[in-house]
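Taking it in order: structure first as structure tokens, then the write-up.
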There are 4 protein chains.
Amino acid sequence: MKIGKESVPRTAISTSDEHSITVRGADLCHDLIGRISFTDYFHLLVTGQRASAAAIAVLDATLVAIAEHGLVPSVQASRMTLAAAPDAMQGAVAAGILGCGSVILGASEGAGKLFVEIDQQAGPDGDLAAAASAVLGQYRAARRAIPGYGHPLHKARDPRVDALFAVARAQHVHLRYIAIAEAVEAVIPEVLGKELKLNVSAAIPALLLGIGFPLAALKGVPILARTAGLIAHLTEELQRSIGFALSYQATRELVFDGVAPAN
Amino acid sequence: MKIGKESVPRTAISTSDEHSITVRGADLCHDLIGRISFTDYFHLLVTGQRASAAAIAVLDATLVAIAEHGLVPSVQASRMTLAAAPDAMQGAVAAGILGCGSVILGASEGAGKLFVEIDQQAGPDGDLAAAASAVLGQYRAARRAIPGYGHPLHKARDPRVDALFAVARAQHVHLRYIAIAEAVEAVIPEVLGKELKLNVSAAIPALLLGIGFPLAALKGVPILARTAGLIAHLTEELQRSIGFALSYQATRELVFDGVAPAN
Amino acid sequence: MKIGKESVPRTAISTSDEHSITVRGADLCHDLIGRISFTDYFHLLVTGQRASAAAIAVLDATLVAIAEHGLVPSVQASRMTLAAAPDAMQGAVAAGILGCGSVILGASEGAGKLFVEIDQQAGPDGDLAAAASAVLGQYRAARRAIPGYGHPLHKARDPRVDALFAVARAQHVHLRYIAIAEAVEAVIPEVLGKELKLNVSAAIPALLLGIGFPLAALKGVPILARTAGLIAHLTEELQRSIGFALSYQATRELVFDGVAPAN
Amino acid sequence: MKIGKESVPRTAISTSDEHSITVRGADLCHDLIGRISFTDYFHLLVTGQRASAAAIAVLDATLVAIAEHGLVPSVQASRMTLAAAPDAMQGAVAAGILGCGSVILGASEGAGKLFVEIDQQAGPDGDLAAAASAVLGQYRAARRAIPGYGHPLHKARDPRVDALFAVARAQHVHLRYIAIAEAVEAVIPEVLGKELKLNVSAAIPALLLGIGFPLAALKGVPILARTAGLIAHLTEELQRSIGFALSYQATRELVFDGVAPAN
């Protein structure tokens, strides 16, 4: 069945024949393998453009910052899945990635959209604080959460935020979105009536929009980063399984508050 | 319910408190962010060991070699999934990863196991050709396919194989598993009665076992690499959707050979 | 790390000890196995309530209506996944389910929300046409699509719609949501300026809300139904694989419109 | 790229045109919706054959027996995934299904293969105990586990086993595979030197092979059953989230036994 107007598929990413594989204007075997890092290649694949050394350093920093954060829920889901289906590592990785949704990790994309709105509201010479205030006011009126701010545990900024901002400054990339991210943090108390500190999900787009990484691909960054962490956890799981122990602990205090059989 | 002996979960990968995140013996914010590439970090996460520059170059080369190969079945599955569920990029990535199984990509792990068997069969000073012959003979007797050899299209070696071997030689890493991989290729005609060339799924473990990458984590390498390619395809899909066009084309010549209603 | 207020998990669905399994107030082995159909049990699991025979007939009809519709994109994705990873049927089913998103199948939940809004807008004695007009006007003002109406192929109503409505009428269940669904169809031309016929994604909630099936579980109905169809396709795939043939056909007319290497 | 010999896709399950949908020789709208239960339809989809009322009762009983067993690891993984990505129920169901692997649930398929081997070894008039002994001896020699026997908790038979066998006997279906399953249980002490009782994963194929359900589709039965249970849990999760509470409890006693930073 034909759905939509387009019926001939097109792609601009890669093509191949019996003798060569072309990716984004380069010959994979001659120009890329052995000549480009995986991070650099990820940028090329997504954007079609070669990145500066500074941009790659920034992209590396964001991927390193969020690849691993211990036995978070999605890592637990992934390890439980491997314990139950040890032959299919791909299934366990997939289960872990499926937890990269709107509440966890996915906030990066939401924060990126917020920063782009503020950038456009302010225009090239406008006041960022005023623009941030205006856009946050609209979020508040629509009862939308502010993605990328606040943390269940920390009242202070997540230490990864300052480490990431330091990398951007040291690499001299475009810092406008960091300025926007900090403007948001500064006006939150006045708009929302409480402090919410910048968290790592806001820092990621603040850095990546500054190197021209596309908004549509932002959600892919936590997914790629987390895949690396998942593979480490699944390798450990194969050597020393804790998937069922996690599951056992999780339900030690479980309360059943449903209905018991009649008799 | 307690399944298995272990009931207290343990991990050696990372831990954190309110002030810091420790990963594999390093402070994430001070020692890693901005100081280590994503590839280097992936190696550290999986192995717990810091890699040499040569080892990182080899790992980068393998990730670059297999991240993208056009609209292969798993990429099609992923793009169709995003077209149907555009709000959930994580679901589309998961669908693509689920195709990294035993037939496609997963052959890397199988080839790695084969090379380790031959290595052990030969011992430190043994003849690799003889050991390869002996182990292949066992595979043949058990009617097992030889993972990592032969290709549906190419009679010659996949061009990525030589590019990868060149990187390993240029970086002066341990070349024993490349020697084993080539010994297998050389004895296949005599054991199986036909030529099957080394493909990229054999080249990956030939390089990675040489840098001490653990066999149990081998399957993770194509998964991580392919995730980068999937994100590029999904970013393109959001900008210019072909998921439904692929699906339409796929069934243009579909034959229904089931039973029609009686009426 | 503690996220959210609640730290003790609770469930009302089931509990078990060494001697018995209790599900929704019944003893699984004595009261349910052999005494209740799978559809009846699905209703009990989700709602905690025993259904009338009429309600079960309606739920059966909706599950039958949407379990199978040929080689739709998500079935193709599932079969390609099994071809690539034949040892992991669970992975191929998961890949197929991941396509049950907002565009395909997921429209059931959206249509259900629309009907509940109109029900509340009309109140117990209000005019459904006026309420439908008012709510559709709000959707239009917010540029939201009307979920469950229109079809890429059919101008007439999908034939499954009338078959489903006939079941509801024959079973004498609550017909209010069918009346609402038809009121929406009737006012669409005047609100949107074009005809859009009720499709199966609107018929599903029109029936299920009428038997008291919860809105929050509506999305689960297409997922469960489609899982049955996927298992049939995957069983056929194991016997007669077409996953790679679909993939080959899909790209026969593929256009590469990216950049070629410079040389 | 063409992989494999076949390039024209074929299916015998269903076809449709603008006016009708044909499934397994029946007109979906006239012959099936409202006339067949979901379980009956599942059997028709998978086998292409209409089932007897007895066969449907048996299939219903197996689906009911294994749809729900509390907060098992895959349900926990699914609920954690929904807590993290609440907009994508399909992703949470997929995560739960990915745990239907070889260790949990997947044992049904393995047990089914074992019973078919014993059936063939015995031949039409052979002694089942002798055949069971012979085949178990081969499993033992190959150090393969006996799928479907033993339980982490129960020394006695799982109570679901007798409930299922009672249904098969009451429905007068073919009981040969139940006889084989019990023959295996009886010879295990002599072959393995310890008692292992029939568990539900052996009871499932013992019933389903007896109604002619295909071995290749056996793994689909726990997957379909479990999907119903997952949807109930995810509906509860949307109403009263415990995904993060489970994750918090799971790591309360977590031991980090890795390396601390040097500083």
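Every chain in the structure tokens has a letter given in the order shown (A, B, ...), and although residue numbers restart at 1 in each chain, ligands are simply numbered from 1 in the order shown.
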
Write down, as a PyMOL selection string, each residue of chain A that has any atom within 9 Å of an atom of chain C, counting only C-alpha atoms. chain A and resi 1-4+8-15+22-27+48+71-72+85+87-88+90-91+94+151-153+250-251+253-262

So that I can see what lies close to Leu198 in chain B, please list as a ChimeraX atom specification the residues with an atom at most 12 Å from it, counting only C-alpha atoms and leaving out residues fewer than 3 positions away in the same chain. /B:107-108,111,146-151,154-162,164-165,178-188,195,201-206

Write the residues of the preceding selection, restricted to N, CA and C atoms, as a tab-separated table (two decimals), in the first residue's frame.
chain	number	residue	atom	x	y	z
B	107	ALA	N	28.18	-12.15	12.97
B	107	ALA	CA	29.23	-13.09	12.59
B	107	ALA	C	30.58	-12.71	13.19
B	108	SER	N	30.77	-11.44	13.56
B	108	SER	CA	32.04	-11.03	14.18
B	108	SER	C	32.36	-11.85	15.41
B	111	ALA	N	33.29	-15.42	14.43
B	111	ALA	CA	34.64	-15.48	13.86
B	111	ALA	C	35.68	-15.34	14.97
B	146	ILE	N	31.24	-21.40	8.49
B	146	ILE	CA	32.47	-20.73	8.94
B	146	ILE	C	32.16	-19.24	9.02
B	147	PRO	N	31.99	-18.70	10.24
B	147	PRO	CA	31.57	-17.30	10.35
B	147	PRO	C	32.66	-16.33	9.90
B	148	GLY	N	32.27	-15.35	9.07
B	148	GLY	CA	33.23	-14.32	8.68
B	148	GLY	C	33.89	-14.57	7.33
B	149	TYR	N	33.45	-15.62	6.63
B	149	TYR	CA	34.06	-15.94	5.33
B	149	TYR	C	32.95	-16.07	4.28
B	150	GLY	N	33.24	-15.55	3.08
B	150	GLY	CA	32.26	-15.60	2.00
B	150	GLY	C	31.36	-14.38	2.05
B	151	HIS	N	30.72	-14.09	0.92
B	151	HIS	CA	29.91	-12.88	0.81
B	151	HIS	C	28.85	-13.13	-0.25
B	154	HIS	N	30.33	-10.46	-3.31
B	154	HIS	CA	31.72	-10.38	-3.72
B	154	HIS	C	32.38	-11.76	-3.78
B	155	LYS	N	33.11	-12.02	-4.86
B	155	LYS	CA	33.99	-13.20	-4.87
B	155	LYS	C	35.35	-12.79	-4.31
B	156	ALA	N	35.75	-11.54	-4.60
B	156	ALA	CA	37.01	-11.04	-4.05
B	156	ALA	C	36.78	-10.62	-2.60
B	157	ARG	N	37.87	-10.36	-1.90
B	157	ARG	CA	37.77	-9.84	-0.52
B	157	ARG	C	37.05	-8.51	-0.52
B	158	ASP	N	36.22	-8.31	0.47
B	158	ASP	CA	35.60	-7.01	0.72
B	158	ASP	C	36.73	-5.98	0.87
B	159	PRO	N	36.64	-4.85	0.16
B	159	PRO	CA	37.75	-3.88	0.23
B	159	PRO	C	38.04	-3.36	1.63
B	160	ARG	N	37.05	-3.45	2.54
B	160	ARG	CA	37.29	-2.97	3.91
B	160	ARG	C	38.30	-3.83	4.65
B	161	VAL	N	38.40	-5.10	4.24
B	161	VAL	CA	39.31	-6.02	4.94
B	161	VAL	C	40.75	-5.53	4.81
B	162	ASP	N	41.19	-5.23	3.60
B	162	ASP	CA	42.59	-4.81	3.42
B	162	ASP	C	42.85	-3.46	4.08
B	164	LEU	N	41.44	-2.39	6.78
B	164	LEU	CA	41.57	-2.64	8.23
B	164	LEU	C	42.90	-3.29	8.56
B	165	PHE	N	43.30	-4.28	7.76
B	165	PHE	CA	44.58	-4.94	8.04
B	165	PHE	C	45.73	-3.93	7.91
B	178	ILE	N	45.34	-11.69	12.88
B	178	ILE	CA	45.27	-11.47	11.43
B	178	ILE	C	45.92	-12.66	10.72
B	179	ALA	N	47.04	-13.12	11.26
B	179	ALA	CA	47.70	-14.30	10.67
B	179	ALA	C	46.76	-15.51	10.72
B	180	ILE	N	46.05	-15.67	11.84
B	180	ILE	CA	45.10	-16.78	11.95
B	180	ILE	C	43.98	-16.62	10.94
B	181	ALA	N	43.44	-15.39	10.83
B	181	ALA	CA	42.33	-15.14	9.89
B	181	ALA	C	42.77	-15.48	8.47
B	182	GLU	N	44.00	-15.12	8.12
B	182	GLU	CA	44.47	-15.41	6.77
B	182	GLU	C	44.79	-16.90	6.59
B	183	ALA	N	45.21	-17.54	7.66
B	183	ALA	CA	45.43	-18.99	7.58
B	183	ALA	C	44.11	-19.71	7.31
B	184	VAL	N	43.05	-19.24	7.94
B	184	VAL	CA	41.74	-19.85	7.70
B	184	VAL	C	41.36	-19.69	6.23
B	185	GLU	N	41.50	-18.47	5.73
B	185	GLU	CA	41.16	-18.21	4.32
B	185	GLU	C	41.96	-19.13	3.39
B	186	ALA	N	43.22	-19.33	3.74
B	186	ALA	CA	44.09	-20.13	2.88
B	186	ALA	C	43.72	-21.62	2.88
B	187	VAL	N	43.26	-22.14	4.01
B	187	VAL	CA	42.96	-23.58	4.06
B	187	VAL	C	41.50	-23.91	3.69
B	188	ILE	N	40.64	-22.90	3.60
B	188	ILE	CA	39.22	-23.16	3.28
B	188	ILE	C	39.05	-23.97	1.99
B	195	GLU	N	36.39	-21.70	-2.61
B	195	GLU	CA	37.01	-20.50	-2.03
B	195	GLU	C	35.98	-19.66	-1.30
B	201	SER	N	33.39	-9.19	8.73
B	201	SER	CA	33.05	-9.78	10.04
B	201	SER	C	34.18	-10.63	10.60
B	202	ALA	N	35.08	-11.10	9.75
B	202	ALA	CA	36.28	-11.79	10.25
B	202	ALA	C	37.39	-10.79	10.53
B	203	ALA	N	37.43	-9.71	9.76
B	203	ALA	CA	38.50	-8.72	9.97
B	203	ALA	C	38.36	-8.03	11.33
B	204	ILE	N	37.10	-7.76	11.73
B	204	ILE	CA	36.86	-7.05	13.01
B	204	ILE	C	37.51	-7.80	14.18
B	205	PRO	N	37.19	-9.08	14.41
B	205	PRO	CA	37.85	-9.75	15.54
B	205	PRO	C	39.34	-9.96	15.32
B	206	ALA	N	39.75	-10.12	14.06
B	206	ALA	CA	41.19	-10.28	13.81
B	206	ALA	C	41.95	-9.07	14.33

Just list the residues in range 105-247 of chain A DSSP gives alpha helix (DSSP H) on the backbone, as a count of residues only. 94

Just want the 12 Å neighbourhood of Ala134 in chain C, counted on only C-alpha atoms, with same-chain residues fewer than 6 positions away dropped. Output as a PDB file with N, CA and C atoms, in the first residue's frame.
ATOM      1  N   LEU C 114     -10.228  11.895  21.911  1.00  0.00           N
ATOM      2  CA  LEU C 114     -11.156  12.809  21.236  1.00  0.00           C
ATOM      3  C   LEU C 114     -12.600  12.502  21.638  1.00  0.00           C
ATOM      4  N   GLU C 117     -13.371  13.617  25.189  1.00  0.00           N
ATOM      5  CA  GLU C 117     -13.539  15.080  25.231  1.00  0.00           C
ATOM      6  C   GLU C 117     -14.936  15.479  24.777  1.00  0.00           C
ATOM      7  N   ILE C 118     -15.386  14.857  23.682  1.00  0.00           N
ATOM      8  CA  ILE C 118     -16.705  15.219  23.146  1.00  0.00           C
ATOM      9  C   ILE C 118     -17.807  14.770  24.111  1.00  0.00           C
ATOM     10  N   ASP C 119     -17.623  13.582  24.704  1.00  0.00           N
ATOM     11  CA  ASP C 119     -18.584  13.094  25.697  1.00  0.00           C
ATOM     12  C   ASP C 119     -18.721  14.087  26.846  1.00  0.00           C
ATOM     13  N   GLN C 120     -17.577  14.577  27.328  1.00  0.00           N
ATOM     14  CA  GLN C 120     -17.608  15.507  28.462  1.00  0.00           C
ATOM     15  C   GLN C 120     -18.168  16.866  28.051  1.00  0.00           C
ATOM     16  N   GLN C 121     -17.821  17.293  26.850  1.00  0.00           N
ATOM     17  CA  GLN C 121     -18.325  18.573  26.330  1.00  0.00           C
ATOM     18  C   GLN C 121     -19.851  18.530  26.214  1.00  0.00           C
ATOM     19  N   ALA C 122     -20.372  17.409  25.727  1.00  0.00           N
ATOM     20  CA  ALA C 122     -21.825  17.298  25.529  1.00  0.00           C
ATOM     21  C   ALA C 122     -22.559  17.155  26.865  1.00  0.00           C
ATOM     22  N   ASP C 127     -26.170  17.903  22.927  1.00  0.00           N
ATOM     23  CA  ASP C 127     -26.222  17.563  21.516  1.00  0.00           C
ATOM     24  C   ASP C 127     -24.832  17.113  21.053  1.00  0.00           C
ATOM     25  N   LEU C 128     -24.728  15.869  20.549  1.00  0.00           N
ATOM     26  CA  LEU C 128     -23.408  15.338  20.176  1.00  0.00           C
ATOM     27  C   LEU C 128     -22.829  16.078  18.982  1.00  0.00           C
ATOM     28  N   ARG C 140      -8.772  21.994  15.154  1.00  0.00           N
ATOM     29  CA  ARG C 140      -8.379  22.697  13.950  1.00  0.00           C
ATOM     30  C   ARG C 140      -7.587  23.944  14.301  1.00  0.00           C
ATOM     31  N   ALA C 141      -8.064  24.691  15.314  1.00  0.00           N
ATOM     32  CA  ALA C 141      -7.371  25.917  15.716  1.00  0.00           C
ATOM     33  C   ALA C 141      -5.939  25.596  16.157  1.00  0.00           C
ATOM     34  N   ALA C 183     -20.932  11.110  14.860  1.00  0.00           N
ATOM     35  CA  ALA C 183     -21.153  12.560  14.884  1.00  0.00           C
ATOM     36  C   ALA C 183     -19.915  13.296  14.377  1.00  0.00           C
ATOM     37  N   VAL C 184     -18.748  12.803  14.778  1.00  0.00           N
ATOM     38  CA  VAL C 184     -17.499  13.417  14.306  1.00  0.00           C
ATOM     39  C   VAL C 184     -17.416  13.313  12.786  1.00  0.00           C
ATOM     40  N   VAL C 187     -19.727  15.845  11.086  1.00  0.00           N
ATOM     41  CA  VAL C 187     -19.412  17.282  11.119  1.00  0.00           C
ATOM     42  C   VAL C 187     -18.065  17.624  10.474  1.00  0.00           C
ATOM     43  N   ILE C 188     -17.233  16.621  10.190  1.00  0.00           N
ATOM     44  CA  ILE C 188     -15.905  16.899   9.603  1.00  0.00           C
ATOM     45  C   ILE C 188     -16.008  17.761   8.328  1.00  0.00           C
ATOM     46  N   GLU C 190     -18.008  20.050   7.378  1.00  0.00           N
ATOM     47  CA  GLU C 190     -18.305  21.456   7.676  1.00  0.00           C
ATOM     48  C   GLU C 190     -17.148  22.126   8.451  1.00  0.00           C
ATOM     49  N   VAL C 191     -16.461  21.356   9.318  1.00  0.00           N
ATOM     50  CA  VAL C 191     -15.359  21.966  10.092  1.00  0.00           C
ATOM     51  C   VAL C 191     -14.066  22.019   9.276  1.00  0.00           C
TER      52      VAL C 191
END

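Among the candidate residues C:Gly34, C:Tyr248, C:His69, C:Tyr41, the one lying nearest to Ala55 in chain D is C:Gly34, with distances computed using only C-alpha atoms.
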
Please report, as number ranges by chain, each residue of range 1-165 of chain C to which DSSP assigns strand (DSSP E or B) when run on this structure's backbone. C: 10-11, 14-16, 21-23, 26-27, 149

Same residues, N, CA, C and O atoms, output as a short mmCIF file (atom, residue, chain, number, x, y, z; two decimals), in the first residue's frame:
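Saved result, result36.cif, follows:
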data_model
loop_
_atom_site.label_atom_id
_atom_site.label_comp_id
_atom_site.auth_asym_id
_atom_site.auth_seq_id
_atom_site.Cartn_x
_atom_site.Cartn_y
_atom_site.Cartn_z
N ARG C 10 4.33 -1.08 44.67
CA ARG C 10 3.04 -1.70 44.96
C ARG C 10 2.43 -2.19 43.65
O ARG C 10 2.62 -1.58 42.61
N THR C 11 1.66 -3.25 43.73
CA THR C 11 0.90 -3.71 42.57
C THR C 11 -0.39 -4.35 43.05
O THR C 11 -0.42 -4.94 44.14
N SER C 14 -1.19 -9.10 40.72
CA SER C 14 -1.07 -10.50 41.12
C SER C 14 -0.05 -10.68 42.22
O SER C 14 0.79 -9.81 42.47
N THR C 15 -0.14 -11.80 42.88
CA THR C 15 0.85 -12.18 43.90
C THR C 15 0.92 -13.70 43.90
O THR C 15 0.04 -14.38 43.37
N SER C 16 1.99 -14.25 44.45
CA SER C 16 2.07 -15.70 44.47
C SER C 16 2.90 -16.16 45.65
O SER C 16 3.69 -15.40 46.22
N ILE C 21 -0.96 -19.03 42.82
CA ILE C 21 -0.78 -17.76 42.13
C ILE C 21 -2.14 -17.07 42.12
O ILE C 21 -3.12 -17.65 41.64
N THR C 22 -2.20 -15.87 42.69
CA THR C 22 -3.45 -15.10 42.74
C THR C 22 -3.38 -14.00 41.70
O THR C 22 -2.42 -13.24 41.66
N VAL C 23 -4.39 -13.94 40.83
CA VAL C 23 -4.45 -12.87 39.84
C VAL C 23 -5.81 -12.20 39.94
O VAL C 23 -6.84 -12.86 39.77
N ALA C 26 -8.51 -13.91 41.90
CA ALA C 26 -8.84 -15.29 41.57
C ALA C 26 -7.60 -16.16 41.70
O ALA C 26 -6.46 -15.69 41.59
N ASP C 27 -7.82 -17.45 41.97
CA ASP C 27 -6.72 -18.40 42.02
C ASP C 27 -6.46 -18.89 40.60
O ASP C 27 -7.32 -19.53 39.99
N TYR C 149 -9.61 9.30 11.44
CA TYR C 149 -10.45 9.65 10.29
C TYR C 149 -9.58 9.81 9.05
O TYR C 149 -8.47 10.33 9.13
#

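If you measure from each of C:Ala67, C:Ala163, C:Leu209, C:Ala132 to Ala232 in chain C using only C-alpha atoms, the closest one turns out to be C:Ala67.
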